[in-house]
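First the structure, in the form of structure tokens, and then the observations on it.
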Amino acid sequence: MAMTGCGSEPLTDGYGGHGGNGGLGAAGMGDGGASGAGAGGQGGGGGLGAAGGRYGGASGAGVAGQGGSAATGTGGSSSGGGGAGGASSTGAGVACLPATSLITDFTYVVDGGSTSSVHFGDDTTTFSGDEYVYPTSSYPLTSDVTGNNWHISGTIGDYSGFGLSFYRCSDVDASAYKGISFTISGVVASGSFVTMDVATLNDTPAASWLNAHGGTATTDAPGRCIPTSGATVYSQTSCVDPTARIPVTSTPTTINLLWSDFSGGAPEPSVNPRGILTILWIFPAPPAVGTATVITYAVDITIDNLKFIQ
């Protein structure tokens with residue numbers, strides 16, 4: 001399951017410690033089955049790599065949760081207080097549309113620009129954000145955009161990866177496009193590949209379920225999936241992000257992935273582009289990760305020309 005979002009630092013757990021969405025879904029149940037108010041949206045503000053995890057980031061704007069009115073449930077309040085017997089509420093997030101097919105070509109701005117990320121979008125109604133790497137503490141990765149591309153390097157000794165931070169929206173509607181494309185080259189000393197993970201609205205657990213099963217999700221980020229098995233977010237297997245395995249060689253290679261090329265998601269096996277919540281890449285976990293005998297390895301890769309396929 002992908003763990004990334006706005007204003008959040010990745011978790012370091014058995015799921016790869018991915019960057020966090022500011023929490024999932026909305027809570028509240030009305031008596032008799034209708035959901036109460038669902039404050040959708042997810043962590044906004046700040047780039048990924050600030051505090052938190054996917055299930056605990058800064059809150060952003062919200063909309064009513066799916067399955068209930070924005071006012072009150074039948075016999076319960078809009079917050080769900082006093083209601084009983086309702087279904088878990090789900091959130092749809094704050095949607096935005098890409099302005100063009102190009103997400104970013106990583107053009108570096110010297111005057112006032114960050115050396116570790118390039119901002120993209122107009123920060124209003126279009127798909128906007130920047131880039132992050134994780135972890136930033138133990139075995140930190142280095143991100144450098146001064147070469148007008150995205151250069152990521154370091155020693156992998158923990159769950160590690162890199163991705164896009166969304167700004168002012170938590171749900172990207174890329175249904176006008178067929179897939180996603182980028183150029184990649186370099187060295188991944190363990191396996192020579194990375195895994196691309198795209199979390200979607202319908203494959204992401206709702207916050208009400210997470211918090212009812214030991215989670216600490218905020219109630220203002222999107223998620224529509226209600227797990228049918230497992231006692232925690234880490235043991236459930238019915239809400240899973242679709243992924244694709246990307247080979248990495250020393251020769252710059254353009255990767256073109258149709259949404260249908262992603263697989264393994266649940267309940268929807270491939271990417272539903274109408275509700276993209278996170279876009280990230282995951283390095284292979286090092287052997288004996290999380291122990292004193294972890295076997296580290298080196299990575300040094302370059303990403304460029306990230307865009308949607310028309």
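In the structure tokens, chains take the letters A, B, ... in the order shown, each chain's residues start at 1, and ligands count up from 1 in the order shown.
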All residues 10 Å or closer to A:Ser153, only C-alpha atoms, same chain fewer than 6 positions away omitted, as a VMD selection string: chain A and resid 133 140 to 144 186 to 188 298 to 302
Let me see the file: selected residues, C-alpha atoms, as a PDB file, in the first residue's frame.
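Printed below is result.pdb as written:
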ATOM      1  CA  VAL A 133      12.691  11.267  -1.090  1.00  0.00           C
ATOM      2  CA  PRO A 140      18.896   9.286   4.127  1.00  0.00           C
ATOM      3  CA  LEU A 141      18.673   9.673   0.358  1.00  0.00           C
ATOM      4  CA  THR A 142      19.977  12.732  -1.477  1.00  0.00           C
ATOM      5  CA  SER A 143      17.744  14.555  -3.960  1.00  0.00           C
ATOM      6  CA  ASP A 144      19.336  17.009  -6.417  1.00  0.00           C
ATOM      7  CA  GLY A 186      21.438   4.782 -13.287  1.00  0.00           C
ATOM      8  CA  VAL A 187      22.274   2.044 -10.832  1.00  0.00           C
ATOM      9  CA  VAL A 188      20.176   0.156  -8.293  1.00  0.00           C
ATOM     10  CA  ALA A 298      23.981   1.774  -3.310  1.00  0.00           C
ATOM     11  CA  VAL A 299      21.579   3.644  -5.604  1.00  0.00           C
ATOM     12  CA  ASP A 300      22.327   6.434  -8.068  1.00  0.00           C
ATOM     13  CA  ILE A 301      19.530   7.172 -10.533  1.00  0.00           C
ATOM     14  CA  THR A 302      18.248  10.037 -12.666  1.00  0.00           C
TER      15      THR A 302
END
A:Ile255: which residues within 10 Å, counting only C-alpha atoms, same-chain residues fewer than 6 positions away excluded, as a ChimeraX atom specification? /A:180-184,246-247,306
Nearest to A:Tyr159: which of A:Pro222, A:Pro286, A:Pro242, A:Gly129 is it, counting only C-alpha atoms? A:Pro286
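The smallest atom-to-atom distance between A:Ala174 and any of A:Thr155, A:Thr243, A:Thr100, A:Thr296, using only C-alpha atoms, is found for A:Thr100.
Here atom CA of A:Thr104 is placed at a distance of 12.5 Å from atom CA of A:Ser165.
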Test item: residues at most 8 Å from A:Trp209, only C-alpha atoms, excluding those fewer than 2 positions along its chain, as a PDB file with N, CA and C atoms, in the first residue's frame:
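Saved the output as part-v5.pdb:
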ATOM      1  N   SER A  88     -19.086   2.316   7.445  1.00  0.00           N
ATOM      2  CA  SER A  88     -17.934   3.200   7.548  1.00  0.00           C
ATOM      3  C   SER A  88     -18.023   4.289   6.499  1.00  0.00           C
ATOM      4  N   PRO A 205      -7.882   2.524   1.847  1.00  0.00           N
ATOM      5  CA  PRO A 205      -8.817   2.350   2.961  1.00  0.00           C
ATOM      6  C   PRO A 205      -9.389   3.671   3.474  1.00  0.00           C
ATOM      7  N   ALA A 206     -10.624   3.622   3.903  1.00  0.00           N
ATOM      8  CA  ALA A 206     -11.273   4.783   4.504  1.00  0.00           C
ATOM      9  C   ALA A 206     -10.743   5.014   5.913  1.00  0.00           C
ATOM     10  N   ALA A 207     -10.672   6.275   6.315  1.00  0.00           N
ATOM     11  CA  ALA A 207     -10.143   6.631   7.634  1.00  0.00           C
ATOM     12  C   ALA A 207     -10.957   6.019   8.767  1.00  0.00           C
ATOM     13  N   ASN A 211      -9.135   3.939  11.713  1.00  0.00           N
ATOM     14  CA  ASN A 211      -9.174   4.362  13.116  1.00  0.00           C
ATOM     15  C   ASN A 211      -9.935   3.376  13.992  1.00  0.00           C
ATOM     16  N   ALA A 212     -10.812   2.594  13.406  1.00  0.00           N
ATOM     17  CA  ALA A 212     -11.516   1.561  14.166  1.00  0.00           C
ATOM     18  C   ALA A 212     -10.667   0.309  14.337  1.00  0.00           C
ATOM     19  N   HIS A 213      -9.501   0.284  13.649  1.00  0.00           N
ATOM     20  CA  HIS A 213      -8.634  -0.894  13.707  1.00  0.00           C
ATOM     21  C   HIS A 213      -7.207  -0.505  14.109  1.00  0.00           C
ATOM     22  N   ILE A 226     -13.217  -0.351   1.955  1.00  0.00           N
ATOM     23  CA  ILE A 226     -13.454  -0.888   3.293  1.00  0.00           C
ATOM     24  C   ILE A 226     -12.893  -2.312   3.329  1.00  0.00           C
ATOM     25  N   PRO A 227     -11.776  -2.539   4.011  1.00  0.00           N
ATOM     26  CA  PRO A 227     -11.186  -3.876   4.058  1.00  0.00           C
ATOM     27  C   PRO A 227     -12.168  -4.909   4.595  1.00  0.00           C
TER      28      PRO A 227
END
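From atom CA of A:Thr232 back to atom CA of A:Ala95, the distance works out to 27.7 Å.
Candidate residues A:Thr126, A:Ser101, A:Thr218, A:Asn202 were compared for distance to A:Val271, and the nearest is A:Asn202, using only C-alpha atoms.
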